[in-house]
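File shown: protein.cif. Contents: mmCIF, C-alpha atoms and all ligand atoms.
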data_structure
loop_
_atom_site.label_atom_id
_atom_site.label_comp_id
_atom_site.auth_asym_id
_atom_site.auth_seq_id
_atom_site.Cartn_x
_atom_site.Cartn_y
_atom_site.Cartn_z
CA MET A 1 105.13 133.97 108.78
CA ARG A 2 106.49 133.36 105.27
CA MET A 3 107.36 129.99 103.74
CA TYR A 4 110.33 131.72 102.05
CA ASP A 5 111.90 132.38 105.47
CA LEU A 6 111.32 128.80 106.62
CA ILE A 7 113.06 127.44 103.50
CA MET A 8 115.96 129.84 104.09
CA LYS A 9 116.20 128.80 107.75
CA LYS A 10 116.33 125.08 106.89
CA ARG A 11 118.76 125.75 104.03
CA SER A 12 121.12 127.33 106.59
CA GLY A 13 120.84 124.20 108.76
CA GLU A 14 118.77 125.82 111.53
CA ALA A 15 115.91 124.10 113.37
CA LEU A 16 112.34 125.30 112.87
CA THR A 17 110.16 126.09 115.89
CA GLU A 18 106.96 124.20 116.71
CA GLU A 19 104.88 127.16 115.55
CA GLU A 20 106.72 127.27 112.24
CA ILE A 21 106.33 123.54 111.56
CA ARG A 22 102.61 123.48 112.40
CA TYR A 23 102.03 126.60 110.27
CA MET A 24 103.86 125.00 107.32
CA ILE A 25 101.92 121.71 107.43
CA ASP A 26 98.50 123.34 108.00
CA GLU A 27 98.99 125.90 105.24
CA TYR A 28 100.33 123.29 102.82
CA VAL A 29 97.29 121.05 103.32
CA ALA A 30 95.02 124.09 102.96
CA GLY A 31 96.63 124.79 99.58
CA ASN A 32 98.18 128.10 100.68
CA ILE A 33 101.77 126.96 100.24
CA PRO A 34 102.57 125.94 96.65
CA ASP A 35 104.31 122.67 95.75
CA TYR A 36 107.41 124.48 94.47
CA GLN A 37 108.08 126.02 97.88
CA MET A 38 107.41 122.74 99.71
CA SER A 39 109.74 120.95 97.24
CA ALA A 40 112.51 123.42 98.08
CA PHE A 41 111.92 122.83 101.79
CA LEU A 42 112.01 119.02 101.36
CA MET A 43 115.28 119.25 99.44
CA ALA A 44 116.73 121.44 102.22
CA VAL A 45 115.72 118.74 104.74
CA TYR A 46 117.29 116.11 102.49
CA PHE A 47 120.67 117.87 102.78
CA LYS A 48 120.48 119.45 106.26
CA GLY A 49 118.36 116.90 108.18
CA MET A 50 116.08 117.65 111.12
CA THR A 51 116.53 117.63 114.90
CA GLU A 52 114.72 115.00 116.97
CA GLU A 53 112.41 117.73 118.28
CA GLU A 54 111.54 118.87 114.76
CA ILE A 55 110.85 115.27 113.69
CA PHE A 56 108.49 114.68 116.67
CA ILE A 57 106.57 117.90 115.99
CA MET A 58 106.32 117.37 112.24
CA THR A 59 105.10 113.77 112.78
CA ASP A 60 102.40 115.02 115.13
CA ALA A 61 101.39 117.84 112.75
CA VAL A 62 101.15 115.43 109.78
CA ALA A 63 99.20 112.87 111.89
CA ARG A 64 96.71 115.57 112.96
CA SER A 65 96.24 116.87 109.41
CA GLY A 66 93.35 114.37 109.05
CA ASP A 67 91.33 111.91 111.15
CA MET A 68 92.95 110.57 114.32
CA VAL A 69 91.30 107.14 114.60
CA ASP A 70 89.93 106.44 118.08
CA LEU A 71 90.06 102.67 118.63
CA SER A 72 88.59 102.81 122.14
CA GLY A 73 85.44 101.15 120.75
CA ILE A 74 87.52 97.97 120.41
CA GLU A 75 88.14 96.08 123.64
CA GLY A 76 91.66 95.17 124.76
CA ILE A 77 95.16 96.02 123.57
CA LYS A 78 95.45 96.94 119.89
CA VAL A 79 98.74 96.24 118.14
CA ASP A 80 99.78 97.42 114.72
CA LYS A 81 102.66 96.46 112.47
CA HIS A 82 104.27 98.29 109.61
CA SER A 83 106.62 96.97 106.98
CA THR A 84 108.66 99.44 104.99
CA GLY A 85 107.75 97.38 101.95
CA GLY A 86 109.32 94.73 99.84
CA VAL A 87 108.88 91.94 97.34
CA GLY A 88 106.95 88.83 98.35
CA ASP A 89 106.11 90.42 101.71
CA LYS A 90 102.87 88.73 102.74
CA THR A 91 103.69 88.79 106.47
CA THR A 92 100.59 90.75 107.58
CA LEU A 93 98.33 87.91 106.43
CA ILE A 94 100.27 85.49 108.64
CA ILE A 95 101.17 87.48 111.74
CA ALA A 96 97.89 89.34 112.30
CA PRO A 97 96.02 85.99 112.71
CA ILE A 98 98.80 84.60 114.97
CA VAL A 99 98.60 87.60 117.28
CA ALA A 100 94.79 87.67 117.25
CA SER A 101 94.68 84.00 118.27
CA TYR A 102 95.94 85.18 121.70
CA GLY A 103 93.25 87.84 122.11
CA VAL A 104 95.49 90.74 121.07
CA LYS A 105 93.45 92.88 118.68
CA VAL A 106 94.72 93.87 115.24
CA ALA A 107 92.78 96.74 113.64
CA LYS A 108 94.95 97.42 110.65
CA MET A 109 94.77 99.75 107.71
CA SER A 110 97.01 98.72 104.85
CA GLY A 111 98.08 100.22 101.56
CA ARG A 112 98.23 99.25 97.92
CA GLY A 113 101.41 98.49 96.04
CA LEU A 114 103.11 100.78 93.58
CA GLY A 115 106.01 99.95 91.29
CA HIS A 116 107.95 96.84 92.21
CA THR A 117 106.49 96.38 95.70
CA GLY A 118 103.14 94.71 96.40
CA GLY A 119 100.48 95.98 98.81
CA THR A 120 98.54 93.87 101.32
CA ILE A 121 95.19 95.25 100.12
CA ASP A 122 95.86 94.16 96.51
CA LYS A 123 96.76 90.68 97.75
CA MET A 124 93.58 90.46 99.82
CA GLU A 125 91.46 91.57 96.87
CA SER A 126 92.24 88.21 95.25
CA ILE A 127 89.92 86.62 97.87
CA PRO A 128 86.48 86.57 96.19
CA GLY A 129 83.88 88.83 97.81
CA ILE A 130 86.06 90.28 100.57
CA LYS A 131 85.16 93.84 101.59
CA LEU A 132 88.20 96.00 102.18
CA SER A 133 86.46 99.31 102.54
CA LEU A 134 84.44 99.30 105.75
CA SER A 135 82.76 102.04 107.76
CA GLN A 136 84.22 102.64 111.21
CA GLU A 137 81.28 100.77 112.83
CA GLU A 138 81.74 97.77 110.50
CA PHE A 139 85.52 97.79 111.07
CA PHE A 140 85.13 97.80 114.88
CA ALA A 141 82.44 95.10 114.69
CA VAL A 142 84.75 92.81 112.66
CA VAL A 143 87.64 93.32 115.12
CA ASN A 144 85.40 92.74 118.14
CA LYS A 145 83.99 89.55 116.56
CA ALA A 146 86.98 88.01 114.74
CA GLY A 147 89.79 89.63 116.76
CA LEU A 148 91.33 91.22 113.68
CA SER A 149 90.53 93.15 110.55
CA VAL A 150 92.68 94.42 107.72
CA ILE A 151 91.14 97.09 105.49
CA GLY A 152 92.24 99.80 103.05
CA GLN A 153 93.31 103.16 104.39
CA SER A 154 90.43 105.54 105.15
CA GLY A 155 90.09 108.53 102.86
CA ASN A 156 91.05 111.18 105.37
CA LEU A 157 94.03 109.62 107.12
CA THR A 158 97.09 111.94 107.06
CA PRO A 159 96.21 114.04 103.98
CA ALA A 160 99.46 115.98 104.57
CA ASP A 161 101.44 112.77 104.06
CA LYS A 162 99.57 111.97 100.84
CA LYS A 163 100.52 115.38 99.40
CA LEU A 164 104.07 115.31 100.74
CA TYR A 165 104.73 111.75 99.58
CA ALA A 166 103.49 112.47 96.04
CA LEU A 167 105.80 115.49 95.94
CA ARG A 168 108.80 113.58 97.32
CA ASP A 169 108.24 110.88 94.73
CA VAL A 170 108.86 113.34 91.89
CA THR A 171 111.53 115.53 93.53
CA ALA A 172 114.08 112.84 94.50
CA THR A 173 113.45 113.35 98.23
CA VAL A 174 111.99 109.95 99.18
CA ASP A 175 115.13 108.45 100.70
CA SER A 176 115.60 110.92 103.54
CA ILE A 177 115.54 109.27 106.98
CA PRO A 178 113.66 112.10 108.79
CA LEU A 179 111.09 112.36 105.98
CA ILE A 180 110.48 108.58 105.86
CA ALA A 181 110.19 108.48 109.66
CA VAL A 182 107.65 111.33 109.68
CA SER A 183 105.68 109.73 106.83
CA ILE A 184 105.43 106.24 108.35
CA MET A 185 104.96 107.24 111.98
CA SER A 186 102.35 109.92 111.26
CA LYS A 187 100.17 107.21 109.68
CA LYS A 188 100.78 104.78 112.54
CA LEU A 189 99.95 107.40 115.20
CA ALA A 190 96.79 108.45 113.34
CA ALA A 191 95.71 104.79 113.01
CA GLY A 192 95.33 104.63 116.80
CA SER A 193 96.90 101.34 118.05
CA ASP A 194 98.52 101.08 121.50
CA CYS A 195 101.63 99.21 120.29
CA ILE A 196 103.55 99.41 117.03
CA LEU A 197 106.00 96.88 115.61
CA LEU A 198 108.10 98.14 112.71
CA ASP A 199 109.59 95.76 110.17
CA VAL A 200 112.34 97.80 108.57
CA LYS A 201 113.51 96.10 105.41
CA THR A 202 117.11 96.38 104.32
CA GLY A 203 118.86 95.34 101.10
CA SER A 204 118.38 95.50 97.33
CA GLY A 205 114.57 95.42 97.38
CA ALA A 206 114.18 98.00 100.16
CA PHE A 207 114.17 101.80 100.46
CA MET A 208 117.12 101.52 102.84
CA LYS A 209 119.90 99.67 101.05
CA SER A 210 122.48 99.75 103.89
CA LEU A 211 122.23 98.28 107.39
CA ASP A 212 123.47 101.49 109.05
CA ASP A 213 120.74 103.59 107.40
CA SER A 214 118.11 100.98 108.28
CA ILE A 215 119.17 101.05 111.93
CA ALA A 216 119.15 104.87 111.98
CA LEU A 217 115.64 104.92 110.48
CA ALA A 218 114.39 102.28 112.95
CA GLU A 219 115.87 104.14 115.95
CA CYS A 220 114.26 107.36 114.82
CA MET A 221 110.82 105.75 114.38
CA VAL A 222 110.99 103.90 117.72
CA LYS A 223 111.76 107.21 119.47
CA ILE A 224 108.78 108.90 117.78
CA GLY A 225 106.45 106.06 118.83
CA GLU A 226 107.66 105.98 122.44
CA SER A 227 107.55 109.78 122.77
CA SER A 228 103.88 109.60 121.71
CA GLY A 229 103.06 107.04 124.38
CA ARG A 230 102.93 103.96 122.11
CA ARG A 231 105.01 100.86 122.91
CA THR A 232 107.21 100.60 119.84
CA ALA A 233 109.96 98.26 118.64
CA ALA A 234 111.60 97.50 115.31
CA LEU A 235 113.19 94.52 113.62
CA ILE A 236 115.60 95.06 110.75
CA THR A 237 114.91 92.24 108.29
CA ASP A 238 116.56 91.16 105.07
CA MET A 239 115.05 92.25 101.75
CA ASP A 240 118.11 91.49 99.67
CA ILE A 241 116.19 88.54 98.22
CA PRO A 242 112.39 88.15 97.98
CA LEU A 243 110.61 86.80 101.06
CA GLY A 244 109.23 83.29 100.55
CA ASN A 245 108.85 81.81 97.06
CA ASN A 246 105.63 83.33 95.71
CA ILE A 247 105.34 86.83 94.23
CA GLY A 248 101.97 88.08 92.99
CA ASN A 249 98.64 88.62 94.67
CA ALA A 250 96.70 85.31 94.85
CA LEU A 251 100.01 83.39 94.81
CA GLU A 252 101.07 85.26 97.96
CA VAL A 253 97.78 84.63 99.75
CA ILE A 254 98.20 80.92 98.93
CA GLU A 255 101.72 80.95 100.40
CA ALA A 256 100.47 82.80 103.50
CA VAL A 257 97.84 80.08 104.03
CA GLU A 258 100.45 77.32 103.53
CA THR A 259 102.61 79.05 106.16
CA LEU A 260 99.68 79.18 108.60
CA LYS A 261 99.28 75.42 107.96
CA GLY A 262 102.93 74.92 108.94
CA GLN A 263 103.93 74.16 105.34
CA GLY A 264 105.44 77.52 104.38
CA PRO A 265 108.98 78.25 103.25
CA GLU A 266 111.56 78.43 106.04
CA ASP A 267 112.54 82.10 105.60
CA LEU A 268 108.96 83.37 105.61
CA THR A 269 107.95 81.16 108.55
CA GLU A 270 110.95 82.27 110.61
CA ILE A 271 110.39 85.99 110.00
CA CYS A 272 106.67 85.73 110.74
CA ILE A 273 107.26 83.89 114.02
CA ARG A 274 109.75 86.53 115.13
CA LEU A 275 107.51 89.45 114.08
CA ALA A 276 104.41 87.94 115.71
CA GLY A 277 106.42 87.08 118.86
CA ASN A 278 107.54 90.70 119.10
CA MET A 279 103.96 91.94 118.70
CA LEU A 280 102.78 89.64 121.50
CA TYR A 281 105.68 90.90 123.63
CA LEU A 282 104.76 94.56 123.02
CA ALA A 283 101.17 93.71 123.96
CA GLY A 284 102.45 92.43 127.32
CA LYS A 285 101.86 88.72 126.77
CA GLY A 286 105.18 87.65 128.34
CA GLU A 287 108.94 87.73 127.88
CA LEU A 288 110.19 87.69 124.28
CA PRO A 289 111.33 84.00 124.09
CA GLU A 290 107.99 82.88 125.55
CA CYS A 291 106.09 85.06 123.03
CA ILE A 292 108.10 83.62 120.13
CA GLN A 293 107.15 80.11 121.30
CA MET A 294 103.50 81.21 121.50
CA ALA A 295 103.70 82.35 117.86
CA LYS A 296 105.03 78.92 116.82
CA ASP A 297 102.29 77.18 118.80
CA ALA A 298 99.55 79.22 117.08
CA ILE A 299 100.69 77.82 113.73
CA GLU A 300 101.05 74.25 115.00
CA SER A 301 97.64 74.19 116.68
CA GLY A 302 95.89 75.62 113.61
CA LYS A 303 94.46 78.47 115.75
CA ALA A 304 96.04 81.18 113.61
CA LEU A 305 94.58 79.72 110.41
CA GLU A 306 91.14 79.67 112.06
CA LYS A 307 91.56 83.40 112.80
CA LEU A 308 92.31 84.18 109.17
CA ILE A 309 89.20 82.26 108.13
CA SER A 310 87.11 84.16 110.72
CA MET A 311 88.38 87.50 109.41
CA VAL A 312 87.68 86.63 105.78
CA GLU A 313 84.15 85.50 106.68
CA ALA A 314 83.49 88.57 108.85
CA GLN A 315 84.54 90.80 105.93
CA GLY A 316 82.14 89.02 103.58
CA GLY A 317 84.78 86.99 101.72
CA ASP A 318 84.57 83.42 100.40
CA ALA A 319 86.63 81.53 103.01
CA SER A 320 86.41 78.29 101.00
CA VAL A 321 89.46 79.51 99.01
CA ILE A 322 91.43 79.72 102.26
CA LYS A 323 90.32 76.25 103.35
CA ASP A 324 91.20 74.87 99.90
CA THR A 325 93.63 77.13 98.03
CA ASP A 326 93.17 75.11 94.80
CA LYS A 327 89.94 77.09 94.46
CA PHE A 328 91.82 80.37 93.76
CA GLU A 329 91.44 81.46 90.17
CA LYS A 330 94.48 80.28 88.19
CA ALA A 331 96.36 82.12 85.46
CA GLN A 332 95.72 80.66 82.02
CA TRP A 333 99.39 80.23 81.08
CA SER A 334 102.62 79.27 82.79
CA TYR A 335 106.22 79.40 81.62
CA GLU A 336 109.42 77.97 83.09
CA VAL A 337 112.51 80.14 83.37
CA LYS A 338 115.65 77.99 83.12
CA ALA A 339 119.17 78.57 84.45
CA PRO A 340 121.42 79.98 81.69
CA GLN A 341 124.48 78.30 83.28
CA SER A 342 125.42 75.86 86.06
CA GLY A 343 126.54 77.11 89.47
CA TYR A 344 125.41 78.34 92.88
CA ILE A 345 122.68 80.95 93.10
CA THR A 346 124.46 83.70 95.03
CA ARG A 347 121.91 86.54 94.68
CA ILE A 348 118.29 87.07 93.65
CA ASN A 349 117.69 90.79 93.27
CA SER A 350 114.33 91.58 94.87
CA GLU A 351 113.65 94.70 92.88
CA ALA A 352 114.16 92.90 89.55
CA CYS A 353 111.81 90.09 90.70
CA GLY A 354 109.21 92.69 91.65
CA ILE A 355 109.51 94.33 88.24
CA ALA A 356 109.24 90.93 86.48
CA SER A 357 106.05 90.22 88.44
CA MET A 358 104.67 93.65 87.51
CA LEU A 359 105.44 92.94 83.84
CA LEU A 360 103.27 89.81 84.11
CA GLY A 361 100.36 92.01 85.26
CA ALA A 362 100.61 91.40 89.03
CA GLY A 363 101.63 94.96 89.93
CA ARG A 364 100.91 98.55 89.06
CA GLU A 365 103.06 100.64 86.80
CA THR A 366 100.92 103.71 87.52
CA LYS A 367 98.41 104.46 90.27
CA ASP A 368 95.51 103.59 87.96
CA SER A 369 96.86 100.34 86.42
CA GLU A 370 94.56 97.28 86.65
CA ILE A 371 95.96 94.27 88.48
CA ASP A 372 95.78 90.65 87.33
CA TYR A 373 95.34 88.81 90.65
CA SER A 374 96.37 85.38 89.34
CA ALA A 375 99.60 86.56 87.66
CA GLY A 376 103.02 86.28 89.28
CA ILE A 377 106.09 84.17 89.92
CA ILE A 378 106.98 81.09 91.95
CA LEU A 379 110.70 80.88 92.65
CA ARG A 380 111.75 77.21 92.43
CA ASN A 381 115.33 77.65 93.63
CA LYS A 382 116.73 80.27 96.00
CA VAL A 383 120.10 81.58 97.22
CA GLY A 384 122.57 78.85 98.19
CA LYS A 385 121.21 76.18 95.81
CA TYR A 386 123.43 74.62 93.11
CA VAL A 387 121.60 74.49 89.78
CA GLU A 388 122.53 72.78 86.52
CA LYS A 389 122.26 74.72 83.26
CA GLY A 390 118.67 74.33 82.05
CA GLU A 391 117.25 73.61 85.54
CA VAL A 392 114.09 75.53 86.39
CA LEU A 393 114.73 78.73 88.36
CA ALA A 394 111.14 79.96 88.48
CA THR A 395 107.68 79.51 86.99
CA LEU A 396 105.92 82.56 85.56
CA TYR A 397 102.10 82.85 85.51
CA ALA A 398 100.09 85.19 83.28
CA ASN A 399 96.88 85.45 81.29
CA ASN A 400 98.69 86.77 78.24
CA GLN A 401 101.57 84.71 76.83
CA GLU A 402 103.10 87.77 75.19
CA LEU A 403 104.11 89.06 78.62
CA PHE A 404 106.48 86.15 79.31
CA LYS A 405 109.48 87.30 77.22
CA ALA A 406 110.07 90.65 78.97
CA ALA A 407 109.40 89.11 82.40
CA GLU A 408 111.81 86.22 81.68
CA ASP A 409 114.58 88.64 80.66
CA LYS A 410 114.07 90.65 83.85
CA LEU A 411 114.02 87.54 86.04
CA ILE A 412 117.21 86.13 84.49
CA GLU A 413 118.79 89.52 85.29
CA ALA A 414 117.66 89.07 88.93
CA PHE A 415 119.62 85.81 89.40
CA THR A 416 123.39 85.77 89.96
CA ILE A 417 124.83 82.29 89.40
CA GLU A 418 128.50 81.76 90.33
CA ASP A 419 131.02 78.98 90.97
CA ASN A 420 131.34 79.60 94.72
CA THR A 421 128.77 79.17 97.48
CA PRO A 422 127.38 82.50 98.76
CA LYS A 423 127.97 83.88 102.27
CA GLU A 424 125.06 83.18 104.60
CA ARG A 425 123.04 86.30 105.39
CA PRO A 426 120.90 86.38 108.51
CA LEU A 427 117.17 87.01 108.04
CA ILE A 428 116.94 89.32 111.03
CA LEU A 429 119.83 91.73 111.29
CA ALA A 430 118.94 93.79 114.35
CA ARG A 431 116.24 94.53 116.92
CA ILE A 432 115.62 98.01 118.29
CA GLU A 433 113.52 98.85 121.33
N1 LIG A 501 106.73 104.27 103.27
C1 LIG A 501 106.02 105.35 103.66
O1 LIG A 501 104.87 105.24 104.06
N2 LIG A 501 106.60 106.56 103.57
C2 LIG A 501 107.85 106.74 103.13
O2 LIG A 501 108.32 107.85 103.10
C3 LIG A 501 108.59 105.60 102.73
C4 LIG A 501 107.99 104.38 102.82
#
Output the file's structure in the form of structure tokens.
Amino acid sequence: MRMYDLIMKKRSGEALTEEEIRYMIDEYVAGNIPDYQMSAFLMAVYFKGMTEEEIFIMTDAVARSGDMVDLSGIEGIKVDKHSTGGVGDKTTLIIAPIVASYGVKVAKMSGRGLGHTGGTIDKMESIPGIKLSLSQEEFFAVVNKAGLSVIGQSGNLTPADKKLYALRDVTATVDSIPLIAVSIMSKKLAAGSDCILLDVKTGSGAFMKSLDDSIALAECMVKIGESSGRRTAALITDMDIPLGNNIGNALEVIEAVETLKGQGPEDLTEICIRLAGNMLYLAGKGELPECIQMAKDAIESGKALEKLISMVEAQGGDASVIKDTDKFEKAQWSYEVKAPQSGYITRINSEACGIASMLLGAGRETKDSEIDYSAGIILRNKVGKYVEKGEVLATLYANNQELFKAAEDKLIEAFTIEDNTPKERPLILARIE
């Protein structure tokens, strides 16, 4: 078999066979197919697409390129959740404890952020002492004891995806629905949970900017999950504006804790209740409306917050910062960004907010950038609010005052202020099962 022929076949719009797909992935991981040939293949997929059958096989081949985690050492139903990424997305820290408070296990491997989006692991690193790299035995022991654990991705999970993603990133082939579906679902299948809830973000801060594309991606991923024997569903949620008010690592953990105390912002609370309700539903805890009520109850009773504290303690972290968030290390400097004119806030561009937060030191410009855990942004006014010229739009936090100017410029660019009230946009745009 020759990679040249497979590129030619895909370029002509034909479907590859199972044997051809498995050969291509195995040989690519082994280093026998060069990046330039794989790049040509990815670009052919970008233009010609893939059949459902090809997508299922490629997902399986990529999942099996590394460790397939066997979670049978953890008792009970294991449920996983994946967000396609966004700005201010701290939902894992809220919904994993909610779900675990009902005995549904969450054994989750999360990623780091790159560019304008934040990663759950970076946020968790702001908790002093917490261990995010655990051996399999330690990971299982934490889940069996606390009911949940969130750790960094193990070294040998889907090596094919790591290579393919890095290549797509530099060859303008990231935003292809079949390639995103293969990438996300291969990791979820390899991570071993019984049920998978997908939070597909749509809007300015997301990979998928249009609702139609987001629905197509969600449908494709749900089919992959179900065809592999995992109960899978997806919610399409809004990422046209940042989720919640806080952006930045420690600031987001603080907001997650406030939400678990029932004092979180409305948008974040609502999305978390719906996501957690759907996870409980997939795990067979009842009908959807009942499961959504259970998610609300876990916040009100304080049970979900207790679960977060148990997880932090079981992973060696200092849970006193969760009990009293004033104990989180604070940035040395703060700066208020004021409205340049009066009017209604009609848009807050998520991507620009994410970049502003990165400019303050909260995110990574390159894979090896150091993160400042206390840096970030608190949005003081969101879409729909009328602000007077000079009113505070947001507070910036940093340990170096020189970073404020560039971040302020970027944040001002993120806000659209107009004379008319904006149209209401629902937080959850669709559900796919
Ligand atoms: N997230 C992933 O893990 N893979 C993609 O291709 C896009 C988003």
inquiry  = Give me, as a list in words, the set of residues whose atoms come within 9 Å of any atom of ligand LIG 501 (chain A), counting all atoms listed in the file.
reply    =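 After applying the 9 Å limit, what remains is His82, Ser83, Thr84, Gly85, Gly111, Asp161, Leu164, Tyr165, Arg168, Asp169, Thr173, Val174, Asp175, Ser176, Ile177, Pro178, Leu179, Ile180, Ala181, Val182, Ser183, Ile184, Met185, Ser186, Lys187 and Phe207 of chain A.
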Spatial neighbours of region 290-305 of chain A, 7 Å, all atoms listed in the file, chain gap at least 6 places, as a list in words =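 In the requested format, the answer is Pro97, Ile98, Ser101, Leu260, Lys261, Gly262, Ile273, Arg274, Ala276, Gly277, Leu280 and Tyr281 of chain A.
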Taking only residues of region 248-337 of chain A that have an atom at most 12 Å from an atom of region 353-361 of chain A, what is each one's shortest atom pair and its distance in Å to one decimal, using all atoms listed in the file, in chain and number order, as JSON lines?
{"residue": "A:Gly248", "atom": "CA", "partner": "A:Ser357", "partner_atom": "CA", "distance": 6.5}
{"residue": "A:Asn249", "atom": "CA", "partner": "A:Ser357", "partner_atom": "CA", "distance": 9.8}
{"residue": "A:Leu251", "atom": "CA", "partner": "A:Ser357", "partner_atom": "CA", "distance": 11.1}
{"residue": "A:Glu252", "atom": "CA", "partner": "A:Ser357", "partner_atom": "CA", "distance": 11.8}
{"residue": "A:Ala331", "atom": "CA", "partner": "A:Leu360", "partner_atom": "CA", "distance": 10.4}
{"residue": "A:Trp333", "atom": "CA", "partner": "A:Leu360", "partner_atom": "CA", "distance": 10.8}
{"residue": "A:Ser334", "atom": "CA", "partner": "A:Leu360", "partner_atom": "CA", "distance": 10.6}
{"residue": "A:Tyr335", "atom": "CA", "partner": "A:Leu360", "partner_atom": "CA", "distance": 11.1}
{"residue": "A:Val337", "atom": "CA", "partner": "A:Ala356", "partner_atom": "CA", "distance": 11.7}
request  = Could you give me, as a PyMOL selection string, the residues within 12 Å of Asn144 (chain A), counting all atoms listed in the file and dropping anything in the same chain fewer than 3 positions from it?
outcome  = chain A and resi 71-78+100+103-107+137-141+147-149+310-311+314
inquiry  = Between A:Ile247, A:Leu275, A:Ile241, A:Leu93, which residue has the minimum interatomic distance to Val200 (chain A), considering all atoms listed in the file?
reply    =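 Among A:Ile247, A:Leu275, A:Ile241, A:Leu93, it is A:Leu275 that comes nearest to Val200 (chain A).
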request  = May I ask for the distance between CA of Gly384 (chain A) and CA of Lys338 (chain A), given in Å to one decimal place?
outcome  = 16.6 Å
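Near (105.8, 108.4, 118.6), the residues that fall inside 9 Å on the basis of only C-alpha atoms are Phe56, Thr59, Asp60, Met185, Ser186, Lys188, Leu189, Met221, Val222, Lys223, Ile224, Gly225, Glu226, Ser227, Ser228, Gly229, Arg230, Arg231 and Thr232 of chain A.
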key: Best match for closeness to Ala191 (chain A) among A:Asp213, A:Asp372, A:Glu306, A:Asp70, counting all atoms listed in the file   = A:Asp70
query = Out of A:Ser369, A:Asn245, A:Asn400, A:Ser126, which residue has the shortest atom-to-atom distance to Lys382 (chain A) when counting only C-alpha atoms?
reply =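 With only C-alpha atoms as the atom set, the closest residue is A:Asn245.
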A:Thr269, A:Asp419, A:Val62, A:Leu42 ranked by distance to Lys162 (chain A), top pick (using only C-alpha atoms) =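 Answer, going by the shortest atom-to-atom distance: A:Val62.
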